[in-house]
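What follows is the content of model_15.txt (compact mmCIF, N, CA and C atoms and all ligand atoms).
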# COMPACT_ATOMS: atom_id res chain seq x y z
N MET C 1 0.85 -1.20 0.00
CA MET C 1 0.00 0.00 0.00
C MET C 1 0.89 1.25 0.00
N PRO C 2 0.68 2.20 -0.93
CA PRO C 2 1.49 3.41 -0.94
C PRO C 2 1.12 4.31 0.24
N TYR C 3 2.08 5.12 0.68
CA TYR C 3 1.85 6.01 1.82
C TYR C 3 0.90 7.13 1.40
N ASP C 4 -0.13 7.37 2.22
CA ASP C 4 -1.10 8.44 1.96
C ASP C 4 -0.73 9.66 2.81
N PRO C 5 -0.21 10.71 2.21
CA PRO C 5 0.24 11.87 2.99
C PRO C 5 -0.90 12.64 3.65
N GLN C 6 -2.15 12.26 3.33
CA GLN C 6 -3.30 12.92 3.98
C GLN C 6 -3.80 12.16 5.20
N ASN C 7 -3.13 11.05 5.58
CA ASN C 7 -3.61 10.33 6.76
C ASN C 7 -3.48 11.22 8.00
N ILE C 8 -4.27 10.89 9.01
CA ILE C 8 -4.42 11.81 10.14
C ILE C 8 -3.10 12.02 10.90
N PHE C 9 -2.26 11.00 10.96
CA PHE C 9 -1.00 11.18 11.70
C PHE C 9 -0.01 12.02 10.89
N ALA C 10 -0.06 11.92 9.57
CA ALA C 10 0.76 12.82 8.74
C ALA C 10 0.33 14.26 8.97
N ARG C 11 -0.96 14.46 9.11
CA ARG C 11 -1.46 15.83 9.35
C ARG C 11 -1.06 16.32 10.73
N ILE C 12 -1.04 15.43 11.72
CA ILE C 12 -0.55 15.82 13.05
C ILE C 12 0.93 16.19 12.96
N LEU C 13 1.71 15.39 12.23
CA LEU C 13 3.14 15.67 12.10
C LEU C 13 3.38 17.03 11.43
N ARG C 14 2.52 17.42 10.50
CA ARG C 14 2.68 18.71 9.82
C ARG C 14 2.09 19.86 10.64
N GLY C 15 1.49 19.54 11.80
CA GLY C 15 0.92 20.59 12.65
C GLY C 15 -0.44 21.07 12.17
N GLU C 16 -1.07 20.32 11.26
CA GLU C 16 -2.38 20.74 10.74
C GLU C 16 -3.51 20.38 11.70
N ILE C 17 -3.25 19.38 12.55
CA ILE C 17 -4.21 18.91 13.54
C ILE C 17 -3.47 18.86 14.88
N PRO C 18 -4.11 19.32 15.97
CA PRO C 18 -3.41 19.30 17.25
C PRO C 18 -3.33 17.89 17.85
N CYS C 19 -2.41 17.73 18.76
CA CYS C 19 -2.33 16.48 19.53
C CYS C 19 -1.87 16.84 20.93
N ARG C 20 -2.09 15.91 21.85
CA ARG C 20 -1.60 16.08 23.23
C ARG C 20 -0.24 15.38 23.30
N LYS C 21 0.79 16.17 23.02
CA LYS C 21 2.15 15.62 22.85
C LYS C 21 2.73 15.12 24.17
N VAL C 22 3.38 13.96 24.08
CA VAL C 22 4.05 13.35 25.23
C VAL C 22 5.56 13.41 25.05
N PHE C 23 6.01 13.31 23.81
CA PHE C 23 7.45 13.19 23.54
C PHE C 23 7.70 13.60 22.09
N GLU C 24 8.85 14.23 21.85
CA GLU C 24 9.26 14.49 20.47
C GLU C 24 10.77 14.58 20.40
N ASP C 25 11.35 13.97 19.37
CA ASP C 25 12.76 14.21 19.04
C ASP C 25 12.87 14.24 17.52
N ALA C 26 14.06 14.10 16.99
CA ALA C 26 14.27 14.25 15.55
C ALA C 26 13.52 13.20 14.74
N HIS C 27 13.31 12.03 15.31
CA HIS C 27 12.74 10.91 14.55
C HIS C 27 11.36 10.47 15.00
N VAL C 28 10.93 10.90 16.17
CA VAL C 28 9.76 10.30 16.82
C VAL C 28 8.84 11.37 17.41
N LEU C 29 7.53 11.11 17.31
CA LEU C 29 6.53 11.92 18.02
C LEU C 29 5.63 10.95 18.78
N ALA C 30 5.25 11.32 19.99
CA ALA C 30 4.31 10.50 20.76
C ALA C 30 3.25 11.42 21.35
N PHE C 31 2.01 10.91 21.38
CA PHE C 31 0.89 11.73 21.87
C PHE C 31 -0.19 10.80 22.41
N HIS C 32 -1.07 11.39 23.23
CA HIS C 32 -2.16 10.60 23.81
C HIS C 32 -3.18 10.22 22.74
N ASP C 33 -3.64 8.97 22.80
CA ASP C 33 -4.71 8.53 21.90
C ASP C 33 -5.98 9.33 22.19
N ILE C 34 -6.68 9.73 21.14
CA ILE C 34 -7.88 10.56 21.29
C ILE C 34 -9.03 9.75 21.91
N ASN C 35 -8.94 8.45 21.85
CA ASN C 35 -10.01 7.57 22.37
C ASN C 35 -9.37 6.48 23.22
N PRO C 36 -8.86 6.87 24.42
CA PRO C 36 -8.03 5.95 25.19
C PRO C 36 -8.77 4.69 25.63
N GLN C 37 -8.11 3.57 25.50
CA GLN C 37 -8.68 2.27 25.90
C GLN C 37 -8.25 1.86 27.29
N THR C 38 -7.27 2.55 27.84
CA THR C 38 -6.73 2.25 29.16
C THR C 38 -6.36 3.59 29.80
N PRO C 39 -6.12 3.63 31.14
CA PRO C 39 -5.79 4.91 31.78
C PRO C 39 -4.62 5.62 31.11
N THR C 40 -3.60 4.87 30.70
CA THR C 40 -2.55 5.42 29.84
C THR C 40 -2.66 4.75 28.48
N HIS C 41 -2.79 5.57 27.44
CA HIS C 41 -2.85 5.05 26.07
C HIS C 41 -2.14 6.08 25.19
N VAL C 42 -0.89 5.78 24.89
CA VAL C 42 -0.04 6.70 24.12
C VAL C 42 0.27 6.06 22.78
N LEU C 43 0.28 6.89 21.75
CA LEU C 43 0.68 6.45 20.41
C LEU C 43 2.08 6.99 20.12
N VAL C 44 2.94 6.12 19.64
CA VAL C 44 4.31 6.50 19.29
C VAL C 44 4.45 6.33 17.78
N ILE C 45 4.85 7.39 17.09
CA ILE C 45 4.96 7.31 15.63
C ILE C 45 6.33 7.80 15.17
N PRO C 46 6.84 7.20 14.10
CA PRO C 46 8.06 7.75 13.50
C PRO C 46 7.69 8.98 12.67
N LYS C 47 8.63 9.89 12.51
CA LYS C 47 8.37 11.06 11.67
C LYS C 47 8.45 10.72 10.19
N GLY C 48 9.12 9.63 9.88
CA GLY C 48 9.23 9.20 8.48
C GLY C 48 7.91 8.64 7.99
N ALA C 49 7.76 8.62 6.66
CA ALA C 49 6.51 8.21 6.02
C ALA C 49 6.49 6.69 5.82
N TYR C 50 6.08 5.97 6.87
CA TYR C 50 5.99 4.50 6.81
C TYR C 50 4.55 4.09 7.08
N VAL C 51 4.02 3.23 6.25
CA VAL C 51 2.61 2.84 6.33
C VAL C 51 2.32 2.01 7.57
N SER C 52 3.23 1.14 7.92
CA SER C 52 2.94 0.12 8.94
C SER C 52 4.25 -0.40 9.53
N PHE C 53 4.12 -1.26 10.54
CA PHE C 53 5.31 -1.92 11.08
C PHE C 53 6.03 -2.70 9.99
N ASP C 54 5.27 -3.33 9.12
CA ASP C 54 5.90 -4.09 8.03
C ASP C 54 6.79 -3.18 7.19
N ASP C 55 6.26 -2.03 6.80
CA ASP C 55 7.02 -1.06 6.00
C ASP C 55 8.21 -0.52 6.79
N PHE C 56 7.97 -0.15 8.04
CA PHE C 56 9.03 0.44 8.87
C PHE C 56 10.16 -0.55 9.09
N SER C 57 9.82 -1.78 9.42
CA SER C 57 10.86 -2.78 9.72
C SER C 57 11.67 -3.12 8.49
N ALA C 58 11.06 -2.98 7.30
CA ALA C 58 11.77 -3.30 6.06
C ALA C 58 12.59 -2.13 5.54
N HIS C 59 12.12 -0.89 5.76
CA HIS C 59 12.70 0.24 5.04
C HIS C 59 13.29 1.36 5.89
N ALA C 60 12.99 1.42 7.16
CA ALA C 60 13.55 2.49 7.99
C ALA C 60 15.05 2.28 8.17
N THR C 61 15.76 3.37 8.42
CA THR C 61 17.20 3.27 8.70
C THR C 61 17.41 2.71 10.10
N ALA C 62 18.62 2.22 10.33
CA ALA C 62 18.96 1.71 11.66
C ALA C 62 18.82 2.82 12.70
N GLU C 63 19.17 4.04 12.31
CA GLU C 63 19.05 5.17 13.24
C GLU C 63 17.58 5.42 13.61
N GLU C 64 16.71 5.37 12.61
CA GLU C 64 15.28 5.59 12.87
C GLU C 64 14.72 4.49 13.78
N ILE C 65 15.11 3.25 13.51
CA ILE C 65 14.60 2.12 14.30
C ILE C 65 15.10 2.21 15.73
N ALA C 66 16.38 2.52 15.90
CA ALA C 66 16.93 2.64 17.25
C ALA C 66 16.24 3.78 17.99
N ALA C 67 16.08 4.91 17.33
CA ALA C 67 15.44 6.06 17.99
C ALA C 67 14.01 5.71 18.40
N PHE C 68 13.33 4.99 17.55
CA PHE C 68 11.92 4.65 17.82
C PHE C 68 11.81 3.72 19.03
N VAL C 69 12.62 2.69 19.04
CA VAL C 69 12.55 1.71 20.14
C VAL C 69 12.97 2.36 21.45
N ARG C 70 14.05 3.13 21.41
CA ARG C 70 14.49 3.83 22.63
C ARG C 70 13.40 4.77 23.14
N ALA C 71 12.78 5.50 22.23
CA ALA C 71 11.75 6.47 22.64
C ALA C 71 10.57 5.74 23.27
N ALA C 72 10.14 4.66 22.67
CA ALA C 72 8.98 3.93 23.20
C ALA C 72 9.25 3.48 24.64
N GLY C 73 10.42 2.92 24.87
CA GLY C 73 10.76 2.48 26.23
C GLY C 73 10.84 3.65 27.20
N GLN C 74 11.43 4.73 26.74
CA GLN C 74 11.57 5.93 27.59
C GLN C 74 10.19 6.51 27.95
N ILE C 75 9.29 6.54 26.98
CA ILE C 75 7.95 7.08 27.21
C ILE C 75 7.21 6.21 28.24
N ALA C 76 7.30 4.90 28.08
CA ALA C 76 6.62 4.00 29.02
C ALA C 76 7.21 4.16 30.42
N ARG C 77 8.54 4.22 30.52
CA ARG C 77 9.16 4.43 31.84
C ARG C 77 8.73 5.76 32.41
N GLY C 78 8.72 6.80 31.57
CA GLY C 78 8.35 8.14 32.02
C GLY C 78 6.91 8.21 32.51
N ALA C 79 6.07 7.35 31.97
CA ALA C 79 4.66 7.30 32.39
C ALA C 79 4.48 6.42 33.62
N GLY C 80 5.58 5.88 34.15
CA GLY C 80 5.50 5.07 35.37
C GLY C 80 5.01 3.66 35.13
N LEU C 81 5.13 3.17 33.91
CA LEU C 81 4.56 1.86 33.57
C LEU C 81 5.53 0.70 33.71
N ALA C 82 6.82 0.98 33.81
CA ALA C 82 7.80 -0.12 33.80
C ALA C 82 7.63 -1.02 35.01
N GLY C 83 7.30 -0.43 36.17
CA GLY C 83 7.12 -1.24 37.39
C GLY C 83 5.90 -2.13 37.30
N PRO C 84 4.72 -1.55 37.16
CA PRO C 84 3.50 -2.38 37.13
C PRO C 84 3.35 -3.19 35.86
N GLY C 85 3.96 -2.74 34.78
CA GLY C 85 3.85 -3.45 33.51
C GLY C 85 2.91 -2.74 32.55
N TYR C 86 3.02 -3.10 31.32
CA TYR C 86 2.22 -2.44 30.27
C TYR C 86 2.24 -3.31 29.02
N ARG C 87 1.64 -2.81 27.96
CA ARG C 87 1.61 -3.56 26.70
C ARG C 87 1.94 -2.61 25.55
N VAL C 88 2.77 -3.09 24.62
CA VAL C 88 2.95 -2.38 23.36
C VAL C 88 2.33 -3.23 22.26
N LEU C 89 1.71 -2.54 21.31
CA LEU C 89 0.96 -3.25 20.28
C LEU C 89 0.97 -2.42 19.01
N SER C 90 1.08 -3.09 17.88
CA SER C 90 0.93 -2.40 16.61
C SER C 90 -0.01 -3.22 15.73
N ASN C 91 -1.03 -2.58 15.22
CA ASN C 91 -1.95 -3.22 14.29
C ASN C 91 -1.41 -3.04 12.88
N ILE C 92 -1.44 -4.11 12.11
CA ILE C 92 -0.89 -4.08 10.75
C ILE C 92 -1.94 -4.59 9.77
N GLY C 93 -2.31 -3.72 8.84
CA GLY C 93 -3.15 -4.15 7.72
C GLY C 93 -4.54 -4.57 8.12
N GLN C 94 -5.18 -5.28 7.21
CA GLN C 94 -6.61 -5.60 7.35
C GLN C 94 -6.88 -6.56 8.50
N ASP C 95 -6.17 -7.67 8.55
CA ASP C 95 -6.40 -8.63 9.63
C ASP C 95 -6.00 -8.03 10.98
N GLY C 96 -5.01 -7.15 10.97
CA GLY C 96 -4.58 -6.51 12.21
C GLY C 96 -5.48 -5.37 12.63
N HIS C 97 -6.46 -5.04 11.80
CA HIS C 97 -7.42 -3.96 12.07
C HIS C 97 -6.71 -2.61 12.23
N GLN C 98 -5.76 -2.33 11.36
CA GLN C 98 -5.09 -1.03 11.37
C GLN C 98 -6.01 0.01 10.74
N GLU C 99 -6.26 1.09 11.47
CA GLU C 99 -7.17 2.14 10.97
C GLU C 99 -6.40 3.31 10.36
N VAL C 100 -5.29 3.67 10.95
CA VAL C 100 -4.52 4.82 10.45
C VAL C 100 -3.27 4.29 9.75
N PRO C 101 -3.12 4.60 8.44
CA PRO C 101 -2.01 4.01 7.67
C PRO C 101 -0.70 4.78 7.78
N HIS C 102 -0.33 5.09 9.02
CA HIS C 102 1.02 5.59 9.34
C HIS C 102 1.46 4.77 10.53
N PHE C 103 2.60 4.09 10.43
CA PHE C 103 3.04 3.18 11.49
C PHE C 103 2.93 3.83 12.86
N HIS C 104 2.34 3.11 13.79
CA HIS C 104 2.27 3.59 15.17
C HIS C 104 2.28 2.41 16.12
N LEU C 105 2.84 2.68 17.29
CA LEU C 105 2.84 1.73 18.39
C LEU C 105 1.88 2.27 19.44
N HIS C 106 1.00 1.40 19.91
CA HIS C 106 0.16 1.76 21.05
C HIS C 106 0.92 1.36 22.32
N ILE C 107 0.92 2.23 23.33
CA ILE C 107 1.39 1.87 24.67
C ILE C 107 0.17 1.93 25.58
N PHE C 108 -0.19 0.75 26.11
CA PHE C 108 -1.35 0.65 27.00
C PHE C 108 -0.86 0.38 28.42
N GLY C 109 -1.48 1.01 29.40
CA GLY C 109 -1.11 0.71 30.79
C GLY C 109 -2.01 1.42 31.76
N GLY C 110 -1.70 1.21 33.03
CA GLY C 110 -2.46 1.88 34.08
C GLY C 110 -3.50 1.00 34.74
N ARG C 111 -3.64 -0.22 34.23
CA ARG C 111 -4.53 -1.21 34.86
C ARG C 111 -4.13 -2.58 34.34
N PRO C 112 -4.55 -3.66 35.03
CA PRO C 112 -4.29 -5.00 34.49
C PRO C 112 -4.95 -5.13 33.12
N LEU C 113 -4.24 -5.71 32.18
CA LEU C 113 -4.67 -5.67 30.78
C LEU C 113 -5.29 -6.97 30.27
N GLY C 114 -5.25 -8.00 31.08
CA GLY C 114 -5.88 -9.24 30.62
C GLY C 114 -5.07 -9.93 29.54
N ARG C 115 -5.77 -10.85 28.86
CA ARG C 115 -5.09 -11.64 27.84
C ARG C 115 -4.70 -10.79 26.65
N MET C 116 -3.74 -11.31 25.87
CA MET C 116 -3.22 -10.56 24.73
C MET C 116 -4.29 -10.21 23.71
N VAL C 117 -4.96 -11.25 23.21
CA VAL C 117 -5.98 -11.06 22.18
C VAL C 117 -7.17 -11.96 22.53
N PRO C 118 -8.36 -11.57 22.12
CA PRO C 118 -9.50 -12.45 22.37
C PRO C 118 -9.32 -13.79 21.67
N LYS C 119 -9.83 -14.84 22.29
CA LYS C 119 -9.79 -16.15 21.64
C LYS C 119 -10.73 -16.13 20.44
N ALA C 120 -10.36 -16.89 19.41
CA ALA C 120 -11.25 -17.00 18.25
C ALA C 120 -12.52 -17.72 18.67
N ASP C 121 -13.61 -17.45 17.95
CA ASP C 121 -14.90 -18.10 18.26
C ASP C 121 -14.79 -19.60 17.97
P1 LIG C 201 -5.11 1.60 14.75
O1 LIG C 201 -6.38 0.81 14.70
O2 LIG C 201 -3.96 0.82 15.34
O3 LIG C 201 -4.75 2.20 13.39
O4 LIG C 201 -5.36 2.77 15.77
C1 LIG C 201 -5.51 4.12 15.43
C2 LIG C 201 -5.65 4.89 16.71
O5 LIG C 201 -5.54 6.27 16.42
C3 LIG C 201 -6.98 4.69 17.44
O6 LIG C 201 -6.73 4.20 18.76
C4 LIG C 201 -7.59 6.09 17.48
O7 LIG C 201 -8.28 6.37 18.66
C5 LIG C 201 -6.36 6.97 17.32
N1 LIG C 201 -6.59 8.28 16.74
C6 LIG C 201 -7.28 8.59 15.61
N2 LIG C 201 -7.25 9.91 15.38
C7 LIG C 201 -6.51 10.46 16.38
C8 LIG C 201 -6.11 11.79 16.69
N3 LIG C 201 -6.47 12.84 15.94
N4 LIG C 201 -5.35 11.98 17.80
C9 LIG C 201 -5.00 10.94 18.57
N5 LIG C 201 -5.34 9.67 18.32
C10 LIG C 201 -6.09 9.43 17.24
Any chance you could put this one into structure tokens?
Amino acid sequence: MPYDPQNIFARILRGEIPCRKVFEDAHVLAFHDINPQTPTHVLVIPKGAYVSFDDFSAHATAEEIAAFVRAAGQIARGAGLAGPGYRVLSNIGQDGHQEVPHFHLHIFGGRPLGRMVPKAD
């Protein structure tokens, strides 16, 4: 899937839409999810134009990948989640139910999170 520069996270990166920023550096932006599923629900996105984890893992530079992973851990620690625990998750494509086609990591925490995914019917 080609990158759509009009996706909502691209617009946040360009400052066209506001966000509740948690973290920013040269490669990464993180902000609170607009519809939080847990007491802490932060989205971490690379500034580069990557559609999904699949795209990012295949095409991002080592510097971008290192910055992204370091930032995600730092954000979770900064939110006080490292002690009690938390979950990182990325939805990819149709089966993964990805809604926004700009790679993002969800950081969920602030309460016990239960099982990873619902069991199939
Ligand atoms: P996903 O299904 O992994 O693509 O999740 C997209 C996430 O983006 C959802 O949790 C939405 O609540 C969140 N979201 C959509 N628009 C915004 C926005 N303008 N600011 C913050 N979060 C958003």
Show me which residues sit within 7 Å of ligand LIG 201 (chain C) when counting only C-alpha atoms and all ligand atoms, and put them as a ChimeraX atom specification. /C:8,17,19,31-36,90-91,97-101,104
Going by DSSP on the backbone, which residues of region 5-118 of chain C come out as alpha helix (DSSP H)? List them as a PyMOL selection string. chain C and resi 8-13+53-59+62-78
Do you know which residues are at most 8 Å from region 60-64 of chain C counting all atoms listed in the file, after dropping those on the same chain fewer than 3 positions away, and could you put them as a tab-separated table (two decimals) with N, CA and C atoms, in the frame of the given file?
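Result saved to out_28.tsv:
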chain	number	residue	atom	x	y	z
C	27	HIS	N	13.31	12.03	15.31
C	27	HIS	CA	12.74	10.91	14.55
C	27	HIS	C	11.36	10.47	15.00
C	28	VAL	N	10.93	10.90	16.17
C	28	VAL	CA	9.76	10.30	16.82
C	28	VAL	C	8.84	11.37	17.41
C	46	PRO	N	6.84	7.20	14.10
C	46	PRO	CA	8.06	7.75	13.50
C	46	PRO	C	7.69	8.98	12.67
C	47	LYS	N	8.63	9.89	12.51
C	47	LYS	CA	8.37	11.06	11.67
C	47	LYS	C	8.45	10.72	10.19
C	48	GLY	N	9.12	9.63	9.88
C	48	GLY	CA	9.23	9.20	8.48
C	48	GLY	C	7.91	8.64	7.99
C	50	TYR	N	6.08	5.97	6.87
C	50	TYR	CA	5.99	4.50	6.81
C	50	TYR	C	4.55	4.09	7.08
C	54	ASP	N	5.27	-3.33	9.12
C	54	ASP	CA	5.90	-4.09	8.03
C	54	ASP	C	6.79	-3.18	7.19
C	55	ASP	N	6.26	-2.03	6.80
C	55	ASP	CA	7.02	-1.06	6.00
C	55	ASP	C	8.21	-0.52	6.79
C	56	PHE	N	7.97	-0.15	8.04
C	56	PHE	CA	9.03	0.44	8.87
C	56	PHE	C	10.16	-0.55	9.09
C	57	SER	N	9.82	-1.78	9.42
C	57	SER	CA	10.86	-2.78	9.72
C	57	SER	C	11.67	-3.12	8.49
C	67	ALA	N	16.08	4.91	17.33
C	67	ALA	CA	15.44	6.06	17.99
C	67	ALA	C	14.01	5.71	18.40
C	68	PHE	N	13.33	4.99	17.55
C	68	PHE	CA	11.92	4.65	17.82
C	68	PHE	C	11.81	3.72	19.03
C	69	VAL	N	12.62	2.69	19.04
C	69	VAL	CA	12.55	1.71	20.14
C	69	VAL	C	12.97	2.36	21.45
C	70	ARG	N	14.05	3.13	21.41
C	70	ARG	CA	14.49	3.83	22.63
C	70	ARG	C	13.40	4.77	23.14
Using all atoms listed in the file - which residues lie no farther than 6 Å from the point (-2.6, 4.9, 28.7) in the file's frame? Write them as JSON, numbers by chain. {"C": [38, 39, 40, 41, 42, 107, 108, 109, 110]}
Quote the spacing between atom C of Gln74 (chain C) and CA of Glu16 (chain C) in Å to one decimal place.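 According to the coordinates, atom C of Gln74 (chain C) and CA of Glu16 (chain C) are separated by 25.6 Å.
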In Å, rounded to a single decimal, give me how far CA of Gln37 (chain C) is from atom N of Gln6 (chain C).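 CA of Gln37 (chain C) lies 25.5 Å from atom N of Gln6 (chain C).
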Using Å and a single decimal, report how far atom N of Leu43 (chain C) sits from CA of Ala30 (chain C).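 Distance reported for this atom pair: 5.5 Å.
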Would you mind completing region 40-50 of chain C so that it carries all heavy atoms, and writing it out as a PDB file, in the frame of the given file?
ATOM      1  N   THR C  40      -3.600   4.870  30.700  1.00  0.00           N
ATOM      2  CA  THR C  40      -2.550   5.420  29.840  1.00  0.00           C
ATOM      3  C   THR C  40      -2.660   4.750  28.480  1.00  0.00           C
ATOM      4  O   THR C  40      -2.676   3.525  28.382  1.00  0.00           O
ATOM      5  CB  THR C  40      -1.148   5.146  30.430  1.00  0.00           C
ATOM      6  OG1 THR C  40      -1.063   5.749  31.718  1.00  0.00           O
ATOM      7  CG2 THR C  40      -0.052   5.702  29.532  1.00  0.00           C
ATOM      8  N   HIS C  41      -2.790   5.570  27.440  1.00  0.00           N
ATOM      9  CA  HIS C  41      -2.850   5.050  26.070  1.00  0.00           C
ATOM     10  C   HIS C  41      -2.140   6.080  25.190  1.00  0.00           C
ATOM     11  O   HIS C  41      -2.713   7.122  24.826  1.00  0.00           O
ATOM     12  CB  HIS C  41      -4.293   4.836  25.629  1.00  0.00           C
ATOM     13  CG  HIS C  41      -4.427   4.215  24.277  1.00  0.00           C
ATOM     14  ND1 HIS C  41      -5.648   3.844  23.745  1.00  0.00           N
ATOM     15  CD2 HIS C  41      -3.504   3.890  23.322  1.00  0.00           C
ATOM     16  CE1 HIS C  41      -5.468   3.320  22.537  1.00  0.00           C
ATOM     17  NE2 HIS C  41      -4.172   3.354  22.254  1.00  0.00           N
ATOM     18  N   VAL C  42      -0.890   5.780  24.890  1.00  0.00           N
ATOM     19  CA  VAL C  42      -0.040   6.700  24.120  1.00  0.00           C
ATOM     20  C   VAL C  42       0.270   6.060  22.780  1.00  0.00           C
ATOM     21  O   VAL C  42       0.495   4.847  22.690  1.00  0.00           O
ATOM     22  CB  VAL C  42       1.265   7.003  24.906  1.00  0.00           C
ATOM     23  CG1 VAL C  42       2.235   7.816  24.061  1.00  0.00           C
ATOM     24  CG2 VAL C  42       0.945   7.739  26.205  1.00  0.00           C
ATOM     25  N   LEU C  43       0.280   6.890  21.750  1.00  0.00           N
ATOM     26  CA  LEU C  43       0.680   6.450  20.410  1.00  0.00           C
ATOM     27  C   LEU C  43       2.080   6.990  20.120  1.00  0.00           C
ATOM     28  O   LEU C  43       2.350   8.173  20.348  1.00  0.00           O
ATOM     29  CB  LEU C  43      -0.293   6.984  19.357  1.00  0.00           C
ATOM     30  CG  LEU C  43      -1.742   6.546  19.536  1.00  0.00           C
ATOM     31  CD1 LEU C  43      -2.643   7.273  18.531  1.00  0.00           C
ATOM     32  CD2 LEU C  43      -1.886   5.037  19.384  1.00  0.00           C
ATOM     33  N   VAL C  44       2.940   6.120  19.640  1.00  0.00           N
ATOM     34  CA  VAL C  44       4.310   6.500  19.290  1.00  0.00           C
ATOM     35  C   VAL C  44       4.450   6.330  17.780  1.00  0.00           C
ATOM     36  O   VAL C  44       4.158   5.240  17.248  1.00  0.00           O
ATOM     37  CB  VAL C  44       5.345   5.615  20.010  1.00  0.00           C
ATOM     38  CG1 VAL C  44       6.761   6.139  19.769  1.00  0.00           C
ATOM     39  CG2 VAL C  44       5.045   5.533  21.499  1.00  0.00           C
ATOM     40  N   ILE C  45       4.850   7.390  17.090  1.00  0.00           N
ATOM     41  CA  ILE C  45       4.960   7.310  15.630  1.00  0.00           C
ATOM     42  C   ILE C  45       6.330   7.800  15.170  1.00  0.00           C
ATOM     43  O   ILE C  45       6.900   8.721  15.752  1.00  0.00           O
ATOM     44  CB  ILE C  45       3.829   8.108  14.915  1.00  0.00           C
ATOM     45  CG1 ILE C  45       4.004   9.609  15.062  1.00  0.00           C
ATOM     46  CG2 ILE C  45       2.458   7.689  15.431  1.00  0.00           C
ATOM     47  CD1 ILE C  45       3.001  10.422  14.231  1.00  0.00           C
ATOM     48  N   PRO C  46       6.840   7.200  14.100  1.00  0.00           N
ATOM     49  CA  PRO C  46       8.060   7.750  13.500  1.00  0.00           C
ATOM     50  C   PRO C  46       7.690   8.980  12.670  1.00  0.00           C
ATOM     51  O   PRO C  46       6.557   9.096  12.186  1.00  0.00           O
ATOM     52  CB  PRO C  46       8.540   6.607  12.589  1.00  0.00           C
ATOM     53  CG  PRO C  46       7.289   5.895  12.196  1.00  0.00           C
ATOM     54  CD  PRO C  46       6.339   6.027  13.373  1.00  0.00           C
ATOM     55  N   LYS C  47       8.630   9.890  12.510  1.00  0.00           N
ATOM     56  CA  LYS C  47       8.370  11.060  11.670  1.00  0.00           C
ATOM     57  C   LYS C  47       8.450  10.720  10.190  1.00  0.00           C
ATOM     58  O   LYS C  47       7.892  11.429   9.355  1.00  0.00           O
ATOM     59  CB  LYS C  47       9.329  12.190  12.035  1.00  0.00           C
ATOM     60  CG  LYS C  47       9.019  12.782  13.410  1.00  0.00           C
ATOM     61  CD  LYS C  47       9.805  14.046  13.697  1.00  0.00           C
ATOM     62  CE  LYS C  47       9.263  14.706  14.971  1.00  0.00           C
ATOM     63  NZ  LYS C  47      10.041  15.910  15.343  1.00  0.00           N
ATOM     64  N   GLY C  48       9.120   9.630   9.880  1.00  0.00           N
ATOM     65  CA  GLY C  48       9.230   9.200   8.480  1.00  0.00           C
ATOM     66  C   GLY C  48       7.910   8.640   7.990  1.00  0.00           C
ATOM     67  O   GLY C  48       7.048   8.215   8.761  1.00  0.00           O
ATOM     68  N   ALA C  49       7.760   8.620   6.660  1.00  0.00           N
ATOM     69  CA  ALA C  49       6.510   8.210   6.020  1.00  0.00           C
ATOM     70  C   ALA C  49       6.490   6.690   5.820  1.00  0.00           C
ATOM     71  O   ALA C  49       6.834   6.178   4.749  1.00  0.00           O
ATOM     72  CB  ALA C  49       6.349   8.926   4.687  1.00  0.00           C
ATOM     73  N   TYR C  50       6.080   5.970   6.870  1.00  0.00           N
ATOM     74  CA  TYR C  50       5.990   4.500   6.810  1.00  0.00           C
ATOM     75  C   TYR C  50       4.550   4.090   7.080  1.00  0.00           C
ATOM     76  O   TYR C  50       3.938   4.548   8.047  1.00  0.00           O
ATOM     77  CB  TYR C  50       6.924   3.863   7.841  1.00  0.00           C
ATOM     78  CG  TYR C  50       8.366   4.240   7.606  1.00  0.00           C
ATOM     79  CD1 TYR C  50       8.979   5.212   8.393  1.00  0.00           C
ATOM     80  CD2 TYR C  50       9.097   3.662   6.573  1.00  0.00           C
ATOM     81  CE1 TYR C  50      10.295   5.594   8.162  1.00  0.00           C
ATOM     82  CE2 TYR C  50      10.418   4.040   6.330  1.00  0.00           C
ATOM     83  CZ  TYR C  50      10.999   4.994   7.127  1.00  0.00           C
ATOM     84  OH  TYR C  50      12.297   5.373   6.887  1.00  0.00           O
TER      85      TYR C  50
END
